[in-house]
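K.L.:
CSV, C-alpha atoms, file run02.csv:
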chain,number,residue,atom,x,y,z
A,247,MET,CA,139.2,149.6,-95.7
A,248,LYS,CA,137.1,151.9,-93.7
A,249,PHE,CA,133.6,153.2,-94.4
A,250,HIS,CA,132.5,156.7,-93.4
A,251,LEU,CA,128.9,157.9,-94.0
A,252,LEU,CA,128.1,161.6,-93.6
A,253,ILE,CA,124.4,162.6,-93.5
A,254,THR,CA,124.0,166.2,-94.6
A,255,PRO,CA,120.3,166.9,-95.6
A,256,HIS,CA,120.9,170.4,-97.0
A,257,GLU,CA,124.1,169.7,-99.0
A,258,GLU,CA,124.5,168.3,-102.6
A,259,GLU,CA,124.7,164.5,-102.5
A,260,LYS,CA,128.1,163.0,-103.5
A,261,VAL,CA,130.1,159.9,-103.1
A,262,THR,CA,133.9,160.3,-102.6
A,263,ALA,CA,136.3,157.3,-102.4
A,264,GLN,CA,139.9,157.5,-101.3
A,265,LEU,CA,141.9,154.6,-102.8
A,266,HIS,CA,145.6,153.8,-103.4
A,267,GLN,CA,144.9,153.2,-107.2
A,268,GLU,CA,142.2,152.8,-109.8
A,269,SER,CA,140.8,149.3,-109.8
A,270,THR,CA,137.8,147.2,-110.8
A,271,PHE,CA,136.3,148.2,-107.5
A,272,SER,CA,136.7,151.9,-108.2
A,273,ASN,CA,135.3,151.4,-111.7
A,274,ASP,CA,132.3,149.5,-110.4
A,275,LEU,CA,131.7,152.1,-107.8
A,276,LYS,CA,131.9,154.9,-110.4
A,277,GLU,CA,129.4,153.0,-112.6
A,278,PHE,CA,127.0,152.4,-109.7
A,279,VAL,CA,127.1,156.0,-108.5
A,280,LEU,CA,126.6,157.5,-112.0
A,281,SER,CA,123.7,155.1,-112.8
A,282,GLN,CA,121.8,156.2,-109.7
A,283,GLY,CA,119.1,158.8,-110.4
A,284,ASN,CA,120.0,158.9,-114.1
A,285,SER,CA,117.2,156.7,-115.3
A,286,ASN,CA,117.2,158.4,-118.7
A,287,LYS,CA,120.9,157.6,-119.5
A,288,LEU,CA,123.0,154.5,-120.2
A,289,ILE,CA,126.5,153.9,-119.0
A,290,ALA,CA,128.8,153.2,-121.9
A,291,TYR,CA,132.5,153.1,-122.6
A,292,ASP,CA,134.6,155.0,-125.1
A,293,ASP,CA,137.8,153.1,-125.1
A,294,ASN,CA,138.2,152.8,-121.4
A,295,ASP,CA,136.5,156.0,-120.5
A,296,LEU,CA,133.1,155.7,-118.8
A,297,VAL,CA,130.4,158.0,-120.4
A,298,GLN,CA,126.7,158.5,-119.9
A,299,ILE,CA,124.6,158.7,-123.0
A,300,SER,CA,121.0,160.0,-122.8
A,301,PHE,CA,118.3,157.8,-124.4
A,302,GLU,CA,117.4,160.6,-126.8
A,303,ASN,CA,120.9,160.5,-128.2
A,304,ILE,CA,120.8,156.8,-128.9
A,305,ALA,CA,119.9,155.7,-132.4
A,306,PHE,CA,120.8,152.0,-132.4
A,307,ILE,CA,122.0,149.3,-130.1
A,308,THR,CA,123.4,146.2,-131.6
A,309,ILE,CA,125.7,143.2,-131.2
A,310,ILE,CA,128.9,143.4,-133.3
A,311,SER,CA,131.5,140.6,-133.0
A,312,GLU,CA,129.8,139.3,-129.9
A,313,LYS,CA,130.0,142.6,-128.1
A,314,LEU,CA,127.2,145.0,-127.5
A,315,TYR,CA,127.5,148.5,-128.9
A,316,LEU,CA,125.5,151.7,-128.7
A,317,ILE,CA,125.5,154.0,-131.7
A,318,THR,CA,124.4,157.6,-131.3
A,319,LYS,CA,122.6,159.9,-133.7
A,320,GLU,CA,126.0,161.3,-134.7
A,321,ASN,CA,127.2,157.7,-135.5
A,322,LYS,CA,129.6,157.5,-132.6
A,323,LYS,CA,130.0,154.0,-131.3
A,324,TYR,CA,130.3,153.1,-127.6
A,325,LEU,CA,130.7,149.8,-125.9
A,326,LEU,CA,128.1,148.5,-123.4
A,327,LYS,CA,129.1,146.0,-120.8
A,328,GLU,CA,125.7,144.6,-120.1
A,329,ARG,CA,123.7,142.0,-122.0
A,330,LEU,CA,121.2,143.1,-124.6
A,331,TYR,CA,118.2,141.9,-122.5
A,332,GLN,CA,119.5,143.9,-119.5
A,333,ILE,CA,119.8,147.1,-121.6
A,334,ALA,CA,116.3,146.4,-123.1
A,335,GLN,CA,114.8,146.4,-119.6
A,336,LYS,CA,116.2,149.9,-119.0
A,337,LEU,CA,115.0,151.5,-122.2
A,338,PRO,CA,111.7,153.4,-122.6
A,339,ASP,CA,108.9,152.2,-124.9
A,340,TYR,CA,110.1,154.1,-127.9
A,341,PHE,CA,112.9,151.7,-128.4
A,342,TRP,CA,111.9,148.8,-130.6
A,343,LYS,CA,113.5,145.4,-131.0
A,344,ILE,CA,114.0,144.7,-134.7
A,345,ASN,CA,115.8,141.4,-134.5
A,346,LYS,CA,117.5,139.2,-131.9
A,347,SER,CA,120.6,141.3,-131.9
A,348,SER,CA,119.4,144.9,-132.4
A,349,ILE,CA,117.2,147.6,-130.8
A,350,VAL,CA,116.4,150.9,-132.4
A,351,ASN,CA,115.1,154.3,-131.3
A,352,ARG,CA,111.9,154.7,-133.2
A,353,HIS,CA,112.3,158.5,-133.4
A,354,GLU,CA,115.6,157.9,-135.3
A,355,ILE,CA,114.0,155.7,-138.0
A,356,GLU,CA,114.0,157.2,-141.4
A,357,ARG,CA,111.9,154.5,-143.0
A,358,PHE,CA,111.4,150.8,-143.5
A,359,ASN,CA,112.3,149.1,-146.9
A,360,VAL,CA,111.3,145.9,-148.6
A,361,ILE,CA,114.3,143.9,-149.5
A,362,SER,CA,114.7,140.7,-151.6
A,363,GLY,CA,111.0,140.7,-152.2
A,364,THR,CA,109.7,139.6,-148.8
A,365,GLY,CA,112.2,140.9,-146.2
A,366,VAL,CA,112.1,144.2,-144.4
A,367,ASN,CA,115.0,146.5,-143.6
A,368,VAL,CA,115.1,149.5,-141.3
A,369,ILE,CA,117.0,152.7,-142.5
A,370,MET,CA,118.0,155.0,-139.7
A,371,LYS,CA,118.5,158.8,-140.0
A,372,ASN,CA,122.2,158.4,-139.4
A,373,GLY,CA,122.5,156.0,-142.3
A,374,ILE,CA,122.7,152.7,-140.5
A,375,SER,CA,120.5,149.9,-141.8
A,376,ASP,CA,119.7,146.5,-140.5
A,377,TYR,CA,117.2,143.7,-141.2
A,378,VAL,CA,113.9,143.5,-139.3
A,379,SER,CA,112.7,140.0,-138.4
A,380,ARG,CA,109.1,139.1,-139.4
A,381,ARG,CA,108.2,138.6,-135.7
A,382,CYS,CA,109.5,142.0,-134.7
A,383,PHE,CA,108.0,143.7,-137.7
A,384,SER,CA,104.6,142.2,-136.8
A,385,GLN,CA,105.0,143.6,-133.2
A,386,ILE,CA,105.9,147.0,-134.5
A,387,ARG,CA,102.9,147.0,-136.8
A,388,LYS,CA,100.6,146.0,-133.9
A,389,GLU,CA,102.0,148.7,-131.7
A,390,LEU,CA,101.5,151.4,-134.4
A,391,GLU,CA,98.0,150.2,-135.1
A,392,SER,CA,97.0,150.3,-131.4
B,152,MET,CA,124.6,121.3,-136.3
B,153,ARG,CA,122.1,123.7,-134.7
B,154,TYR,CA,120.5,124.3,-138.1
B,155,PHE,CA,120.4,120.6,-138.9
B,156,LYS,CA,118.6,119.9,-135.6
B,157,THR,CA,116.1,122.6,-136.5
B,158,PHE,CA,115.7,121.2,-140.0
B,159,CYS,CA,114.9,117.8,-138.5
B,160,LEU,CA,112.5,119.2,-135.9
B,161,ARG,CA,110.6,121.2,-138.4
B,162,GLY,CA,110.6,118.3,-140.8
B,163,LEU,CA,109.2,115.9,-138.2
B,164,ILE,CA,106.4,118.3,-137.3
B,165,ALA,CA,105.5,118.9,-141.0
B,166,MET,CA,105.8,115.3,-142.3
B,167,GLY,CA,102.5,114.2,-140.7
B,168,PHE,CA,100.6,116.4,-143.2
B,169,GLY,CA,101.9,114.5,-146.2
B,170,PRO,CA,99.9,111.3,-145.7
B,171,ILE,CA,96.8,113.4,-144.7
B,172,ILE,CA,97.0,115.3,-148.0
B,173,LEU,CA,97.6,111.9,-149.8
B,174,VAL,CA,94.3,110.6,-148.3
B,175,PHE,CA,92.4,113.5,-149.6
B,176,ILE,CA,94.0,113.2,-153.1
B,177,TYR,CA,93.1,109.5,-153.3
B,178,LEU,CA,89.6,110.2,-152.0
B,179,GLY,CA,89.1,112.8,-154.7
B,180,LEU,CA,90.5,110.5,-157.4
B,181,ASN,CA,88.2,107.7,-156.2
B,182,GLN,CA,85.2,109.9,-156.1
B,183,ALA,CA,86.0,111.0,-159.7
B,184,ASN,CA,86.3,107.3,-160.7
B,185,ILE,CA,89.9,107.7,-161.7
B,186,VAL,CA,91.3,105.4,-159.1
B,187,HIS,CA,89.5,102.4,-157.7
B,188,SER,CA,92.2,100.2,-156.2
B,189,ILE,CA,95.9,100.6,-155.6
B,190,PRO,CA,98.5,97.8,-155.3
B,191,ILE,CA,100.1,97.7,-151.9
B,192,PRO,CA,103.6,98.4,-153.1
B,193,THR,CA,102.3,101.5,-154.9
B,194,LEU,CA,100.4,102.7,-151.9
B,195,ASN,CA,103.4,102.1,-149.6
B,196,LEU,CA,105.6,104.1,-151.9
B,197,ALA,CA,103.1,106.9,-152.0
B,198,ILE,CA,102.8,107.1,-148.2
B,199,ILE,CA,106.5,107.1,-147.7
B,200,SER,CA,106.9,109.7,-150.5
B,201,SER,CA,104.3,112.0,-148.9
B,202,LEU,CA,106.0,111.6,-145.5
B,203,LEU,CA,109.4,112.6,-147.0
B,204,ILE,CA,107.9,115.4,-149.0
B,205,GLY,CA,106.4,116.8,-145.9
B,206,PHE,CA,109.7,116.4,-144.0
B,207,ILE,CA,111.8,118.1,-146.6
B,208,GLU,CA,109.4,121.0,-147.4
B,209,GLY,CA,108.8,121.6,-143.7
B,210,GLY,CA,112.5,121.4,-142.7
B,211,ILE,CA,113.9,123.5,-145.5
B,212,GLY,CA,112.3,126.6,-143.9
B,213,VAL,CA,115.3,126.6,-141.6
B,214,VAL,CA,117.3,128.5,-144.3
B,215,TYR,CA,115.5,131.7,-143.3
B,216,GLN,CA,117.1,131.4,-139.8
B,217,ILE,CA,120.6,131.3,-141.2
B,218,GLU,CA,121.6,135.0,-140.7
B,219,ARG,CA,124.6,135.0,-143.0
B,220,LEU,CA,122.4,134.0,-145.9
B,221,SER,CA,120.6,136.9,-147.6
B,222,LEU,CA,116.9,136.6,-147.9
B,223,GLY,CA,117.2,136.3,-151.7
B,224,LYS,CA,119.6,133.4,-151.4
B,225,ALA,CA,117.5,131.7,-148.8
B,226,THR,CA,114.4,132.0,-151.0
B,227,LEU,CA,116.3,130.6,-153.9
B,228,ILE,CA,117.6,127.6,-151.9
B,229,GLN,CA,114.1,126.9,-150.5
B,230,SER,CA,112.4,127.1,-154.0
B,231,LEU,CA,115.1,124.8,-155.6
B,232,VAL,CA,115.0,122.2,-152.8
B,233,ILE,CA,111.2,122.0,-153.0
B,234,TYR,CA,111.3,121.8,-156.8
B,235,VAL,CA,113.9,119.1,-157.0
B,236,SER,CA,112.3,117.0,-154.2
B,237,LEU,CA,108.8,117.3,-155.7
B,238,LEU,CA,110.1,116.4,-159.1
B,239,PHE,CA,111.9,113.3,-157.8
B,240,PHE,CA,109.0,111.9,-155.8
B,241,TYR,CA,106.5,112.7,-158.6
B,242,PHE,CA,108.6,110.8,-161.0
B,243,ILE,CA,109.2,107.7,-158.9
B,244,ASN,CA,105.5,107.5,-158.1
B,245,ALA,CA,104.6,108.2,-161.7
B,246,TRP,CA,102.3,111.0,-160.5
B,247,ILE,CA,103.5,112.8,-163.7
B,248,PRO,CA,104.5,111.2,-167.0
B,249,ARG,CA,108.1,110.1,-167.0
B,250,ASN,CA,109.0,112.1,-170.1
B,251,TRP,CA,110.1,115.6,-171.2
B,252,SER,CA,106.5,116.6,-171.5
B,253,GLY,CA,105.7,115.7,-167.9
B,254,PHE,CA,108.9,117.3,-166.7
B,255,SER,CA,108.2,120.5,-168.7
B,256,ILE,CA,104.5,120.9,-167.6
B,257,PHE,CA,105.4,120.2,-164.0
B,258,SER,CA,108.2,122.8,-164.1
B,259,ILE,CA,106.1,125.4,-165.8
B,260,ILE,CA,103.3,125.0,-163.3
B,261,TYR,CA,105.6,124.9,-160.3
B,262,TRP,CA,107.5,128.1,-161.2
B,263,ILE,CA,104.4,130.0,-162.2
B,264,ALA,CA,102.7,129.0,-158.9
B,265,TYR,CA,105.8,129.8,-156.9
B,266,GLY,CA,106.0,133.2,-158.7
B,267,ILE,CA,102.4,134.0,-158.0
B,268,ILE,CA,102.7,133.1,-154.3
B,269,TRP,CA,105.9,135.1,-154.1
B,270,LEU,CA,104.2,138.1,-155.7
B,271,ILE,CA,101.2,137.9,-153.3
B,272,ILE,CA,103.6,137.8,-150.3
B,273,TYR,CA,105.6,140.7,-151.8
B,274,GLN,CA,102.5,142.9,-152.3
B,275,SER,CA,101.4,142.1,-148.8
B,276,VAL,CA,104.8,143.0,-147.2
B,277,LEU,CA,104.9,146.2,-149.4
B,278,ARG,CA,101.5,147.2,-148.2
B,279,HIS,CA,102.4,146.7,-144.6
B,280,VAL,CA,105.7,148.6,-144.9
B,281,ARG,CA,104.0,151.5,-146.6
B,282,LYS,CA,101.4,151.6,-143.8
B,283,VAL,CA,104.1,151.5,-141.1
B,284,ASN,CA,106.2,154.2,-142.8
B,285,SER,CA,103.1,156.5,-142.9
B,286,LYS,CA,102.8,156.2,-139.2
B,287,LEU,CA,106.4,156.9,-138.3
Once you've parsed the file, please lay out its structure as structure tokens.

P.N.:
Amino acid sequence: MKFHLLITPHEEEKVTAQLHQESTFSNDLKEFVLSQGNSNKLIAYDDNDLVQISFENIAFITIISEKLYLITKENKKYLLKERLYQIAQKLPDYFWKINKSSIVNRHEIERFNVISGTGVNVIMKNGISDYVSRRCFSQIRKELES
Amino acid sequence: MRYFKTFCLRGLIAMGFGPIILVFIYLGLNQANIVHSIPIPTLNLAIISSLLIGFIEGGIGVVYQIERLSLGKATLIQSLVIYVSLLFFYFINAWIPRNWSGFSIFSIIYWIAYGIIWLIIYQSVLRHVRKVNSKL
């Protein structure tokens, strides 16, 4: 395989790859290129199609059946191929961890609810709800009070 | 297995408080001239009972970590385990009369106290949730 770099200061930057077929390498390369300079988007998968979802459009990120999914405001579900802690590092401050498996966009929260007397649930604007651990709720309270 | 290990670890940490509480109870009873001396077998049983009470009450908090258990069920399991274990040890140590009267009074006091504590926690959580919702 050959490598050819062309420096053109006044042209639009782009990466072009010429391969015999689509492969893991081409998918990794695509993911790498698309993630560069798009610090306000996450790379996700819709079936096998790679898509970019802007942070503002993300309502909820959670683990379902040991896989990490992103759920948008419109309730569309996309697969994420990274670990939750890796995704958490990329997200801005307005994303809150609510338990060990889920992160929510605070702007998409409808309200918090008390359940079973002493537990707390979060209700999202798109209808999704999930429990909030005591530790995470305490951190959310501290953040809102500061 | 993981939850059993957590139960044991929590129990081991908490069990030390049992004998400490027992010391203060006997101190109080002695000061009030209710108890002056205790036979060794009775004292040994009391110490072991207080250790086991501490172990069980401390360890049973692990139910809240079991995600497939709803919070309501976890609370019910915890309250029942504490109730049964306390009843058992109170009876074998004769800390309450071994009759229906003793059983009834203990049960009433226990469930009222549990209800009061639950209500206090509920009000506190409700207040915090309302405050957080107002800031969203």

K.L.:
May I ask which of the residues B:Gly223, B:Gly266, B:Gly205, B:Gly253 is the closest one to chain A, counting all atoms listed in the file?

P.N.:
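Ranked by minimum distance to chain A, first place goes to B:Gly223.
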
K.L.:
Please, what distance in Å, to one decimal, runs between atom CA of Asn351 of chain A and atom CA of Lys327 of chain A?

P.N.:
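Here the two named atoms are 19.4 Å from each other.
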
K.L.:
Need to verify the contact set: Asn244 of chain B, 9 Å, all atoms listed in the file, exclusion of same-chain residues closer than 4 positions in sequence. Can you return it as a ChimeraX atom specification?

P.N.:
/B:193,196-197,200,239-240

K.L.:
Could you dump the residues just selected with C-alpha atoms as a PDB file, keeping the file's coordinate frame?

P.N.:
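So again_2.pdb came out as:
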ATOM      1  CA  THR B 193     102.300 101.500-154.900  1.00  0.00           C
ATOM      2  CA  LEU B 196     105.600 104.100-151.900  1.00  0.00           C
ATOM      3  CA  ALA B 197     103.100 106.900-152.000  1.00  0.00           C
ATOM      4  CA  SER B 200     106.900 109.700-150.500  1.00  0.00           C
ATOM      5  CA  PHE B 239     111.900 113.300-157.800  1.00  0.00           C
ATOM      6  CA  PHE B 240     109.000 111.900-155.800  1.00  0.00           C
TER       7      PHE B 240
END

K.L.:
Using only C-alpha atoms, find each residue of chain A with at least one atom at most 8 Å away from an atom of chain B; report its shortest atom-to-atom pair and that distance in Å (one decimal), sort the rows by chain and rising residue number, and return the result as JSON lines.

P.N.:
{"residue": "A:Arg352", "atom": "CA", "partner": "B:Leu287", "partner_atom": "CA", "distance": 7.8}
{"residue": "A:His353", "atom": "CA", "partner": "B:Leu287", "partner_atom": "CA", "distance": 7.8}
{"residue": "A:Ile355", "atom": "CA", "partner": "B:Leu287", "partner_atom": "CA", "distance": 7.7}
{"residue": "A:Arg357", "atom": "CA", "partner": "B:Asn284", "partner_atom": "CA", "distance": 5.7}
{"residue": "A:Phe358", "atom": "CA", "partner": "B:Asn284", "partner_atom": "CA", "distance": 6.3}
{"residue": "A:Asn359", "atom": "CA", "partner": "B:Val280", "partner_atom": "CA", "distance": 6.9}
{"residue": "A:Val360", "atom": "CA", "partner": "B:Leu277", "partner_atom": "CA", "distance": 6.5}
{"residue": "A:Ile361", "atom": "CA", "partner": "B:Leu222", "partner_atom": "CA", "distance": 7.9}
{"residue": "A:Ser362", "atom": "CA", "partner": "B:Gly223", "partner_atom": "CA", "distance": 5.1}
{"residue": "A:Gly363", "atom": "CA", "partner": "B:Tyr273", "partner_atom": "CA", "distance": 5.4}
{"residue": "A:Thr364", "atom": "CA", "partner": "B:Tyr273", "partner_atom": "CA", "distance": 5.2}
{"residue": "A:Gly365", "atom": "CA", "partner": "B:Leu222", "partner_atom": "CA", "distance": 6.6}
{"residue": "A:Val366", "atom": "CA", "partner": "B:Val280", "partner_atom": "CA", "distance": 7.8}
{"residue": "A:Arg387", "atom": "CA", "partner": "B:Val283", "partner_atom": "CA", "distance": 6.3}
{"residue": "A:Leu390", "atom": "CA", "partner": "B:Lys286", "partner_atom": "CA", "distance": 6.9}

K.L.:
Could you please determine the separation between atom CA of Asn321 of chain A and atom CA of Ile307 of chain A in Å, to one decimal place?

P.N.:
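Between atom CA of Asn321 of chain A and atom CA of Ile307 of chain A the gap is 11.3 Å.
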
K.L.:
Please, what distance in Å, to one decimal, runs between atom CA of Leu178 of chain B and atom CA of Trp246 of chain B?

P.N.:
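Interatomic distance here is 15.3 Å.
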
K.L.:
Counting all atoms listed in the file, which residues sit no farther than 10 Å from the position (112.8, 153.8, -133.2) in the file's frame? I'd like them as number ranges by chain.

P.N.:
A: 304-306, 339-344, 349-357, 368, 370, 386; B: 287

K.L.:
Do a neighbour search on Ile289 of chain A at 7 Å with all atoms listed in the file, toss out local chain neighbours closer than 3 positions, and write the hits as a PyMOL selection string.

P.N.:
chain A and resi 281+296-299

K.L.:
Need the shell around Ala290 of chain A: protein/DNA/RNA residues with any atom at most 12 Å away, counting only C-alpha atoms. Skip same-chain ones fewer than 3 positions apart. Format as a PyMOL selection string?

P.N.:
chain A and resi 277+280-281+287+293-301+304+307+314-318+322-328+333

K.L.:
For Pro170 of chain B, find every residue with an atom within 12 Å (counting all atoms listed in the file), except residues of its own chain fewer than 2 positions away, and show them as a list in words.

P.N.:
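My list of contacting residues is Ala165, Met166, Gly167, Phe168, Ile172, Leu173, Val174, Phe175, Ile176, Tyr177, Leu194, Asn195, Leu196, Ala197, Ile198, Ile199, Ser200, Ser201, Leu202, Leu203, Ile204, Gly205 and Phe206 of chain B.
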
K.L.:
Any idea what's packed within 12 Å of Leu160 of chain B, counting all atoms listed in the file, ignoring anything in its chain fewer than 2 positions away? Could you give it as a ChimeraX atom specification?

P.N.:
/B:153-158,162-166,205-207,209-213
